[in-house]
Amino acid sequence: MTKKAFIKVTLKEEVLDPQGKAVLSVLKSSGYDNVKDVRVGKYIELEIDRDNFPSIEKLKNEVEEISDKVLSNPLIEEYSIELK
Amino acid sequence: MTKKAFIKVTLKEEVLDPQGKAVLSVLKSSGYDNVKDVRVGKYIELEIDRDNFPSIEKLKNEVEEISDKVLSNPLIEEYSIELK
Amino acid sequence: MKKNTEKLFGLSAEEYDKICGLLGREPDDFELGIFSAMWSEHCSYKSSKVYLRTLPSGGGKVLIGPGENAGVVDFGDGDVLVFKMESHNHPSFIEPFQGSATGVGGIMRDIFTMGARPVANLNSLRFGSFSHPKTSYYLSEVARGIGFYGNCMGVPTVGGEVVFDECYNDNILVNAFTIGIAKKDSIFLSSKCETGNIVVYVGSATGMDGIHGATMASEEFDLKKNKRRSTVQVGDPFTEKLLLEACLEAMEKKLIVSIQDMGAAGLTSSSFEMADKSGKGMAIDLDAIPLRTSGMTPVEMMLSESQERMLLACENEKFGELKGIFDKWGLNCVKIGEVIGEKVIKFYYKSKIYKILDVGVIVNGPEYERPVKKPGYIEKMPELKTGDYKIPENLNDIAVKIATHPNIASKKPVFTQYDYTIGTGTVVPPGFSAAVLRVKGGAKGFLLDANGNSRLAYLDPYAGGLLAVVECARNITACGGFPVAITDCLNFASPEDPEIMWQFAEAVKGIKEAALKLNTPVISGNVSFYNETAKKDGDKTYISKIYPTPVIGMLGFIEDAGKAVTPFFKGEGGEIYILGRLNGGLGGSLYLDAAFGDFRKKPVGIDLEYLDYEVRLQNCLRVLINKGLVKSAVDISEGGIFTALAESAVTNPERNLGFDVRYDFSGLGIRADEFLFSEFSQAFIITFEKAFAGTKEINGILKEFDINLEKIGIVKKDGMKINDIIDLKSDKIKEGYFSAI
Amino acid sequence: MENKKIKAGITVFPGSNCDYDVYRVLNEIFGVRASFIWHKDEVKKLGGFDFIVIPGGFSYGDYLRSGALAARSPVMEYVKDYAERSGIVLGICNGFQILLEAGILDGVMLANISLKFECKDVYLKTLNFDSPFTCAIKKDCVLKLPIAHHDGNFFAADGTIDRLNKNGSIIFKYCDREGNITAGSNPNGSLYNIAGISNKTFNVAGLMPHPERSSEKILGSQDGGYVFKSIIKYIKEK
Ligand SMILES: Nc1ncnc2c1ncn2[C@@H]1O[C@H](COP(=O)(O)OP(=O)(O)O)[C@@H](O)[C@H]1O
Ligand SMILES: [Mg+2]
């Protein structure tokens, strides 16, 4: 059986987001004046073999470890995990 | 008052995801054998001035339009929106 | 005087006392922040100044030497070239992608600040040993970061070097070089502010980037407490591209009086240095600074190292037009103050006067002549005596090992990540000797090369510094160019260690002597100290230090870029010659390491006669090339004559080639392994246009310079043969050479 | 008609960086009168131009997706309109990506299969010699041009590929030195080695390699020049 983990990786609030800045400027010049800020992050889906984990907690720990070590850069990014 | 819109942009299932594949191979070579598949998408946050919209529906329509026209490429991507 | 040692932020107790003396009281956090930044090694060059002053920095084609954002040389026809190299080592070790990217962004700003459009980038990179588990991560992230920034800016990255050595396991080095072109009559400087000019901030908003816990003051800097905060500088090459275009447009319209990029210590160093160099002061309104992060304190604003920003002075009446240009490019352009006659900076904050600081006091930091001591390891360094080592049975195996060693092998997987063809100026791309660029609208061109040999510099820092210059010159000469000027990046461990300081002094002396002899003044450069890290090994801590790594970036000129010579053999049947003299000596060589696992043996001594010969040799080769006689030329350096021959065979982009060399070296009094792999020869491997050798013309040239030319073999379709000691298949070497990294 | 009577427009977006290279090659090598079109300029209908080039670079930093943000700028409305009225439009590299994102050409660009920026020389086989972009290319001639991009991995649904094929709209494919279309000669993972395509009516084309960087002998190849020569020839004969 597999389980899905969804991970949102976003830049820390105070880190410069060049992508968001550029998207914002284009939205503004296209007339979407109501948009005040844009931040661009990553959305990652993992499909995980559930069977090898004694508990869902352990699986969650592994996803956290992966998010920490591989999917995000803790110096500038933070992440949140959802399991389904 | 501002409202936040969270948009997940993901590749359509039938589209090859080289980035996901690369992450998967990194995970495998780091010993995370339980991960069976990885898909990488985008996670975009918009901050929107709510006051200029007569209803939340209208605001939502605008976010949809933005997602459709700018944030995603409908040929290969799909998106989902959450307002908060 | 009351001292809280925790609050010295990198200043020594004596420096702190000196500040108290200058102020007549203890500094507050704002003042301390500014002192600690401006008196830091990085900004003040306090340990290196006395040595840097000894370097030749003028004469020849130099228009502006060290002291400005970059040096300037005369390129003729009203053109000037502006270049500099700078290190971004520590940020690249912390976050290799962003660190290397912002390093490239920073050096490009130094160039276009002066009114020059950047036309080429180079970089010199040092990583830990190739097999170290983190090396591939650093290599791929640094290459990606450099490409990300340079490619987006539209500046070709045309050369550089990549070296692996375990001495960099804990301290990688990223040195970035940029050259730009401008008109002689429109160079912009930071020293031209006039009283009454307004002070203008342009570019990105200011955030918390690069404000380091270590040098920082009060509570609010505690990064652990504020998880949402990050001090990593994030690069935005897109914004810098806009900044480049906007600045050059404003300069062309003569709207800028004086300008300085915001690099290390951001607003602090740019404002104080501009004021100081202009002999003026400034009034600065901190409330006007565009902020990305709300609630930043004055000292945070002053120390932020957010990228893609510039400070400039402009005439009040012209501000409207200036702002129009920056608006067009979508960039901030804000009046933040005024140039005043009094040599102080008056800071306003929350609409009130906040602080007044004397420019001279801040800018004239300490200067040290630190103690030096010849390191014990050098005193004890064993000589390499013939007979210490048996010649290995199978020199073929060693030859393969050397030709496919990560430090010798092709760096193609790295430089194909850089756009090296943009700008339509690149005549000889990366992967050969020096990069050759043409200048559109005429025949003339220029050449660029970067080099350093840290193992040699470790064994003999004087020789390391000297040979870095010589090696750059060889590469430029081998293409047919003549060396013009250099920039240097001096990467060392802690200057507070007398042995390190000795290394530094020796390396600078070596650079000086070579630069004098080769007539290549040092027009800009950078010093990076403290490339060391405390490591734990069990319960012992030790300091992991880099070898002294003086890196040279050299500019050369060529009259006709289309006539530049490439190093590879052109086709079967070509006759191979040695121009110069072969020397023995294996101390410090790659061969010693490859064959015996230890390079730490005293290298042969380098003296002034060596340099005299070098100048003659290079002049001789240049004359031969300029007469159109030479088809290929390459110098003998790392990996010895075998490597020079092998590379000449495998780097031909169109065809596979080999060679058959027959040469009796017995008369030289050297062994087979020395002949093949010594790195101390002063010689080039060349092939001629036709059977030119022996003609009167050539003999005349050889005689004039008193240089030897000797035929040693012939270019073959396949196979690498040297006497009866080397017999290899070209394919095998080629495959290994191009796939090692 | 003399070349200098031919007028070319080169679009400039924030972040375009091959604009000047194209400008120089058109003016100085091919003697065409080329000028820049700033993305915000109100050059209604672009009527005065004989052809438009969308040059390479990193428009808007290529943030979000390569070409995506530029594709939404006002000048692209004019380009669309110009193309619909049979105007000749050439997109190079980022320009190709912009044309795809604007829906003027079919398909999308994914990241290179290596996930790396790739700068190197490639060889191209021409598949259609009748278009305005290829009519001066000699048959059986393999072209050598440089590429420099991160997202050049052309992708489209099967139906789209069929349509392009049937219509003759696949104009360039990556090949080896001898002209064989092989996996080894594909630098970026592009579907069927596709390097350049045109629209249905052949007046709009995009290609990933850079013809402006291979139009002079000193740069190692003049093969890219054939693309510009084709456009000029086509306009003269029209
Ligand atoms: N090793 C060196 N050799 C020659 N000049 C140097 C050296 N190190 C620094 N310089 C010169 O000192 C000046 C200050 O350098 P630096 O502080 O790195 O400039 P920046 O303001 O760009 O940070 C520059 O003109 C630089 O070229
Ligand atoms: Mg500077």
# chains A, B, ... in the order shown; residues from 1 in each chain; ligands from 1
call {"tool": "select_by_dssp", "arguments": {"residues": "stretch 15-215 of chain D", "states": "strand (DSSP E)", "output": "PyMOL selection string"}}
result
chain D and resi 33-38+51-54+88-92+108-110+118-126+143-149+153-155+170-175+194-198+204-207
call {"tool": "residues_near_ligand", "arguments": {"ligand": "ligand 1", "cutoff": "6 Å", "atoms": "only C-alpha atoms and all ligand atoms", "output": "ChimeraX atom specification"}}
result
/C:43,52,66-70,110,263-264,488-490,522,524-527
call {"tool": "interface_residues", "arguments": {"of": "chain D", "to": "chain B", "cutoff": "8 Å", "atoms": "only C-alpha atoms", "output": "NGL selection string"}}
result
:D and (64 or 68-69 or 72 or 101 or 107-108 or 111 or 113 or 115)
call {"tool": "write_last_selection", "arguments": {"atoms": "N, CA and C atoms", "output": "PDB file, in the first residue's frame"}}
result
ATOM      1  N   LEU D  64       9.284  31.764 -12.910  1.00  0.00           N
ATOM      2  CA  LEU D  64       8.019  31.020 -13.056  1.00  0.00           C
ATOM      3  C   LEU D  64       8.178  29.940 -14.116  1.00  0.00           C
ATOM      4  N   ALA D  68       7.271  32.747 -19.903  1.00  0.00           N
ATOM      5  CA  ALA D  68       5.868  32.876 -19.499  1.00  0.00           C
ATOM      6  C   ALA D  68       5.472  34.321 -19.238  1.00  0.00           C
ATOM      7  N   LEU D  69       6.316  35.049 -18.554  1.00  0.00           N
ATOM      8  CA  LEU D  69       5.913  36.398 -18.167  1.00  0.00           C
ATOM      9  C   LEU D  69       5.976  37.356 -19.361  1.00  0.00           C
ATOM     10  N   ARG D  72       3.018  37.425 -21.694  1.00  0.00           N
ATOM     11  CA  ARG D  72       1.835  38.177 -21.257  1.00  0.00           C
ATOM     12  C   ARG D  72       1.993  39.681 -21.385  1.00  0.00           C
ATOM     13  N   GLU D 101       4.695  30.046 -25.121  1.00  0.00           N
ATOM     14  CA  GLU D 101       3.887  30.476 -23.972  1.00  0.00           C
ATOM     15  C   GLU D 101       2.742  31.393 -24.410  1.00  0.00           C
ATOM     16  N   GLY D 107       2.987  23.725 -28.453  1.00  0.00           N
ATOM     17  CA  GLY D 107       3.909  22.924 -27.647  1.00  0.00           C
ATOM     18  C   GLY D 107       4.408  23.694 -26.441  1.00  0.00           C
ATOM     19  N   VAL D 108       5.262  23.042 -25.668  1.00  0.00           N
ATOM     20  CA  VAL D 108       5.847  23.685 -24.496  1.00  0.00           C
ATOM     21  C   VAL D 108       7.321  23.295 -24.408  1.00  0.00           C
ATOM     22  N   ALA D 111      12.279  21.575 -18.896  1.00  0.00           N
ATOM     23  CA  ALA D 111      13.703  21.681 -18.566  1.00  0.00           C
ATOM     24  C   ALA D 111      14.481  20.627 -19.352  1.00  0.00           C
ATOM     25  N   ILE D 113      16.763  17.608 -20.203  1.00  0.00           N
ATOM     26  CA  ILE D 113      16.743  16.323 -19.517  1.00  0.00           C
ATOM     27  C   ILE D 113      17.870  16.238 -18.473  1.00  0.00           C
ATOM     28  N   LEU D 115      18.690  18.626 -16.655  1.00  0.00           N
ATOM     29  CA  LEU D 115      18.338  19.637 -15.648  1.00  0.00           C
ATOM     30  C   LEU D 115      19.441  20.680 -15.508  1.00  0.00           C
TER      31      LEU D 115
END
call {"tool": "residues_near_ligand", "arguments": {"ligand": "ligand 2", "cutoff": "10 Å", "atoms": "only C-alpha atoms and all ligand atoms", "output": "ChimeraX atom specification"}}
result
/C:67-70,84,86,106-114,190,259-264,266,269-270,273,310
call {"tool": "closest_atom_pairs", "arguments": {"of": "chain D", "to": "chain C", "cutoff": "10 Å", "atoms": "only C-alpha atoms", "output": "CSV"}}
result
residue,atom,partner,partner_atom,distance
D:Pro14,CA,C:Leu242,CA,6.7
D:Gly15,CA,C:Phe238,CA,6.0
D:Ser16,CA,C:Gly154,CA,8.3
D:Asn17,CA,C:Gly154,CA,5.3
D:Cys18,CA,C:Ile422,CA,7.1
D:Asp19,CA,C:Gly423,CA,9.7
D:Tyr20,CA,C:Gly423,CA,8.1
D:Asp21,CA,C:Gly423,CA,6.0
D:Val22,CA,C:Thr424,CA,9.6
D:Arg24,CA,C:Lys440,CA,9.5
D:Val25,CA,C:Thr424,CA,9.3
D:Glu28,CA,C:Gly441,CA,9.3
D:Lys40,CA,C:Lys328,CA,9.6
D:Gly56,CA,C:Gly154,CA,9.7
D:Gly57,CA,C:Cys152,CA,6.9
D:Phe58,CA,C:Cys152,CA,5.6
D:Ser59,CA,C:Phe238,CA,8.1
D:Tyr60,CA,C:Phe238,CA,6.4
D:Gly61,CA,C:Phe238,CA,4.7
D:Asp62,CA,C:Phe238,CA,8.5
D:Tyr63,CA,C:Phe238,CA,8.9
D:Lys116,CA,C:Gln417,CA,6.5
D:Phe117,CA,C:Gln417,CA,4.7
D:Glu118,CA,C:Gln417,CA,5.3
D:Cys119,CA,C:Thr416,CA,4.7
D:Lys120,CA,C:Thr416,CA,6.4
D:Asp121,CA,C:Thr421,CA,9.7
D:Pro146,CA,C:Thr421,CA,7.6
D:Ile147,CA,C:Thr421,CA,8.7
D:Ala148,CA,C:Asp419,CA,5.8
D:His149,CA,C:Asp419,CA,8.1
D:His150,CA,C:Gln417,CA,8.7
D:His210,CA,C:Ile422,CA,9.2
D:Glu212,CA,C:Thr424,CA,7.8
D:Arg213,CA,C:Thr424,CA,5.4
D:Ser214,CA,C:Thr424,CA,8.3
D:Ser215,CA,C:Thr424,CA,9.4
D:Glu216,CA,C:Thr424,CA,9.0
D:Lys217,CA,C:Gly562,CA,9.1
D:Ile218,CA,C:Gly562,CA,6.0
D:Leu219,CA,C:Val427,CA,5.5
D:Gly220,CA,C:Val427,CA,7.6
call {"tool": "residues_around", "arguments": {"residues": "C:Pro653", "least_positions_apart": "3", "cutoff": "10 Å", "atoms": "only C-alpha atoms", "output": "PyMOL selection string"}}
result
chain C and resi 568+570+649-650+656
call {"tool": "select_by_dssp", "arguments": {"residues": "stretch 210-312 of chain C", "states": "alpha helix (DSSP H)", "output": "PyMOL selection string"}}
result
chain C and resi 237-252+266-278+298-303
call {"tool": "residues_around", "arguments": {"residues": "stretch 6-10 of chain A", "least_positions_apart": "5", "cutoff": "8 Å", "atoms": "only C-alpha atoms", "output": "number ranges by chain"}}
result
A: 39-46, 67, 71-72, 77-84; B: 43
call {"tool": "residues_around", "arguments": {"residues": "stretch 30-33 of chain A", "least_positions_apart": "6", "cutoff": "10 Å", "atoms": "only C-alpha atoms", "output": "MDAnalysis selection string"}}
result
(chainID A and resid 24) or (chainID B and resid 48:49 52 62:63 66 70) or (chainID D and resid 72:74)
call {"tool": "write_last_selection", "arguments": {"atoms": "N, CA, C and O atoms", "output": "PDB file, in the first residue's frame"}}
result
ATOM      1  N   LEU A  24       4.847  39.522  -9.592  1.00  0.00           N
ATOM      2  CA  LEU A  24       4.040  40.654  -9.119  1.00  0.00           C
ATOM      3  C   LEU A  24       4.077  41.807 -10.126  1.00  0.00           C
ATOM      4  O   LEU A  24       3.042  42.394 -10.465  1.00  0.00           O
TER       5      LEU A  24
ATOM      6  N   ILE B  48      -3.998  39.520  -1.665  1.00  0.00           N
ATOM      7  CA  ILE B  48      -4.915  40.299  -2.500  1.00  0.00           C
ATOM      8  C   ILE B  48      -5.726  41.269  -1.657  1.00  0.00           C
ATOM      9  O   ILE B  48      -6.190  40.929  -0.565  1.00  0.00           O
ATOM     10  N   ASP B  49      -5.864  42.455  -2.218  1.00  0.00           N
ATOM     11  CA  ASP B  49      -6.672  43.465  -1.552  1.00  0.00           C
ATOM     12  C   ASP B  49      -8.142  43.082  -1.701  1.00  0.00           C
ATOM     13  O   ASP B  49      -8.718  43.136  -2.781  1.00  0.00           O
ATOM     14  N   ASN B  52     -11.576  45.711  -2.823  1.00  0.00           N
ATOM     15  CA  ASN B  52     -12.066  46.134  -4.134  1.00  0.00           C
ATOM     16  C   ASN B  52     -12.993  45.130  -4.800  1.00  0.00           C
ATOM     17  O   ASN B  52     -13.395  45.301  -5.939  1.00  0.00           O
ATOM     18  N   GLU B  62     -11.066  36.145  -9.995  1.00  0.00           N
ATOM     19  CA  GLU B  62      -9.839  36.799 -10.444  1.00  0.00           C
ATOM     20  C   GLU B  62      -8.628  35.891 -10.196  1.00  0.00           C
ATOM     21  O   GLU B  62      -7.751  35.782 -11.050  1.00  0.00           O
ATOM     22  N   VAL B  63      -8.599  35.236  -9.055  1.00  0.00           N
ATOM     23  CA  VAL B  63      -7.487  34.326  -8.777  1.00  0.00           C
ATOM     24  C   VAL B  63      -7.455  33.198  -9.808  1.00  0.00           C
ATOM     25  O   VAL B  63      -6.397  32.783 -10.280  1.00  0.00           O
ATOM     26  N   ILE B  66      -6.011  34.547 -12.996  1.00  0.00           N
ATOM     27  CA  ILE B  66      -4.553  34.692 -12.878  1.00  0.00           C
ATOM     28  C   ILE B  66      -3.867  33.331 -12.962  1.00  0.00           C
ATOM     29  O   ILE B  66      -2.846  33.162 -13.642  1.00  0.00           O
ATOM     30  N   VAL B  70      -1.572  33.161 -16.155  1.00  0.00           N
ATOM     31  CA  VAL B  70      -0.178  33.497 -15.863  1.00  0.00           C
ATOM     32  C   VAL B  70       0.553  32.388 -15.103  1.00  0.00           C
ATOM     33  O   VAL B  70       1.629  31.952 -15.485  1.00  0.00           O
TER      34      VAL B  70
ATOM     35  N   ARG D  72       3.018  37.425 -21.694  1.00  0.00           N
ATOM     36  CA  ARG D  72       1.835  38.177 -21.257  1.00  0.00           C
ATOM     37  C   ARG D  72       1.993  39.681 -21.385  1.00  0.00           C
ATOM     38  O   ARG D  72       1.158  40.429 -20.908  1.00  0.00           O
ATOM     39  N   SER D  73       3.080  40.139 -21.994  1.00  0.00           N
ATOM     40  CA  SER D  73       3.211  41.595 -22.058  1.00  0.00           C
ATOM     41  C   SER D  73       2.534  42.144 -23.312  1.00  0.00           C
ATOM     42  O   SER D  73       2.326  41.433 -24.296  1.00  0.00           O
ATOM     43  N   PRO D  74       2.188  43.430 -23.277  1.00  0.00           N
ATOM     44  CA  PRO D  74       1.367  44.032 -24.328  1.00  0.00           C
ATOM     45  C   PRO D  74       1.933  43.833 -25.738  1.00  0.00           C
ATOM     46  O   PRO D  74       1.179  43.547 -26.667  1.00  0.00           O
TER      47      PRO D  74
END
call {"tool": "interface_residues", "arguments": {"of": "chain C", "to": "chain A", "cutoff": "12 Å", "atoms": "only C-alpha atoms", "output": "number ranges by chain"}}
result
C: 91, 94-98, 137, 204-210, 223-224, 226-240, 242, 291-296, 305-308, 329-331
call {"tool": "residues_around", "arguments": {"residues": "D:Val53", "least_positions_apart": "5", "cutoff": "10 Å", "atoms": "only C-alpha atoms", "output": "mmCIF file with N, CA and C atoms, in the first residue's frame"}}
result
data_model
loop_
_atom_site.group_PDB
_atom_site.id
_atom_site.type_symbol
_atom_site.label_atom_id
_atom_site.label_comp_id
_atom_site.auth_asym_id
_atom_site.auth_seq_id
_atom_site.Cartn_x
_atom_site.Cartn_y
_atom_site.Cartn_z
ATOM 1 N N ALA D 8 13.582 45.359 -39.994
ATOM 2 C CA ALA D 8 13.335 44.310 -38.995
ATOM 3 C C ALA D 8 13.100 44.947 -37.637
ATOM 4 N N GLY D 9 12.189 44.386 -36.878
ATOM 5 C CA GLY D 9 11.952 44.840 -35.509
ATOM 6 C C GLY D 9 12.421 43.773 -34.534
ATOM 7 N N ILE D 10 13.127 44.186 -33.497
ATOM 8 C CA ILE D 10 13.616 43.232 -32.488
ATOM 9 C C ILE D 10 12.967 43.593 -31.158
ATOM 10 N N THR D 11 12.190 42.704 -30.618
ATOM 11 C CA THR D 11 11.499 43.016 -29.357
ATOM 12 C C THR D 11 12.493 42.992 -28.198
ATOM 13 N N VAL D 12 12.298 43.885 -27.259
ATOM 14 C CA VAL D 12 13.155 43.921 -26.064
ATOM 15 C C VAL D 12 12.274 43.875 -24.825
ATOM 16 N N ASP D 19 19.365 40.595 -27.632
ATOM 17 C CA ASP D 19 18.783 41.628 -28.491
ATOM 18 C C ASP D 19 19.850 42.359 -29.297
ATOM 19 N N VAL D 22 21.554 40.196 -32.083
ATOM 20 C CA VAL D 22 20.724 40.070 -33.284
ATOM 21 C C VAL D 22 20.734 41.382 -34.068
ATOM 22 N N TYR D 23 20.604 42.456 -33.345
ATOM 23 C CA TYR D 23 20.601 43.796 -33.946
ATOM 24 C C TYR D 23 21.863 44.003 -34.780
ATOM 25 N N ALA D 34 17.592 47.115 -38.908
ATOM 26 C CA ALA D 34 16.910 46.543 -37.740
ATOM 27 C C ALA D 34 16.827 47.581 -36.642
ATOM 28 N N PHE D 36 15.014 48.325 -32.439
ATOM 29 C CA PHE D 36 14.447 47.675 -31.251
ATOM 30 C C PHE D 36 12.994 48.086 -31.029
ATOM 31 N N ILE D 37 12.214 47.187 -30.454
ATOM 32 C CA ILE D 37 10.846 47.493 -30.033
ATOM 33 C C ILE D 37 10.745 47.209 -28.541
ATOM 34 N N VAL D 79 2.366 41.294 -31.633
ATOM 35 C CA VAL D 79 3.062 40.252 -32.391
ATOM 36 C C VAL D 79 2.054 39.208 -32.879
ATOM 37 N N ILE D 88 6.125 37.981 -40.773
ATOM 38 C CA ILE D 88 7.146 36.972 -40.487
ATOM 39 C C ILE D 88 7.735 37.212 -39.093
ATOM 40 N N VAL D 89 7.682 36.195 -38.267
ATOM 41 C CA VAL D 89 8.174 36.300 -36.891
ATOM 42 C C VAL D 89 9.140 35.154 -36.611
ATOM 43 N N LEU D 90 10.342 35.489 -36.150
ATOM 44 C CA LEU D 90 11.317 34.458 -35.763
ATOM 45 C C LEU D 90 11.608 34.580 -34.273
ATOM 46 N N GLY D 91 11.399 33.500 -33.547
ATOM 47 C CA GLY D 91 11.751 33.476 -32.121
ATOM 48 C C GLY D 91 12.997 32.629 -31.931
ATOM 49 N N ILE D 92 13.999 33.200 -31.280
ATOM 50 C CA ILE D 92 15.248 32.463 -31.052
ATOM 51 C C ILE D 92 15.375 32.164 -29.562
ATOM 52 N N GLY D 95 13.080 33.549 -27.236
ATOM 53 C CA GLY D 95 12.025 34.020 -28.136
ATOM 54 C C GLY D 95 11.105 32.886 -28.554
ATOM 55 N N PHE D 96 11.667 31.726 -28.790
ATOM 56 C CA PHE D 96 10.896 30.516 -29.095
ATOM 57 C C PHE D 96 10.001 30.175 -27.898
ATOM 58 N N VAL D 204 5.577 32.038 -38.965
ATOM 59 C CA VAL D 204 6.145 32.177 -37.621
ATOM 60 C C VAL D 204 6.982 30.937 -37.325
ATOM 61 N N ALA D 205 8.197 31.139 -36.832
ATOM 62 C CA ALA D 205 9.023 29.985 -36.453
ATOM 63 C C ALA D 205 9.785 30.276 -35.175
ATOM 64 N N GLY D 206 10.096 29.200 -34.467
ATOM 65 C CA GLY D 206 10.944 29.308 -33.291
ATOM 66 C C GLY D 206 12.031 28.265 -33.376
#
call {"tool": "atom_distance", "arguments": {"atom1": "atom CA of C:Gly465", "atom2": "atom CA of C:Ile146"}}
result
25.8 Å
call {"tool": "atom_distance", "arguments": {"atom1": "atom CA of D:Gln97", "atom2": "atom CA of C:Pro118"}}
result
26.0 Å
call {"tool": "residues_around", "arguments": {"residues": "stretch 168-171 of chain D", "least_positions_apart": "5", "cutoff": "12 Å", "atoms": "only C-alpha atoms", "output": "VMD selection string"}}
result
chain D and resid 105 to 107 124 to 135 137 154 160 to 163 191 to 208 227
call {"tool": "closest_residue", "arguments": {"among": "B:Val35, B:Leu59, B:Ala5, B:Val26", "to": "chain A", "atoms": "only C-alpha atoms"}}
result
B:Val35
call {"tool": "atom_distance", "arguments": {"atom1": "atom CA of C:Val158", "atom2": "atom CA of C:Val436"}}
result
8.5 Å
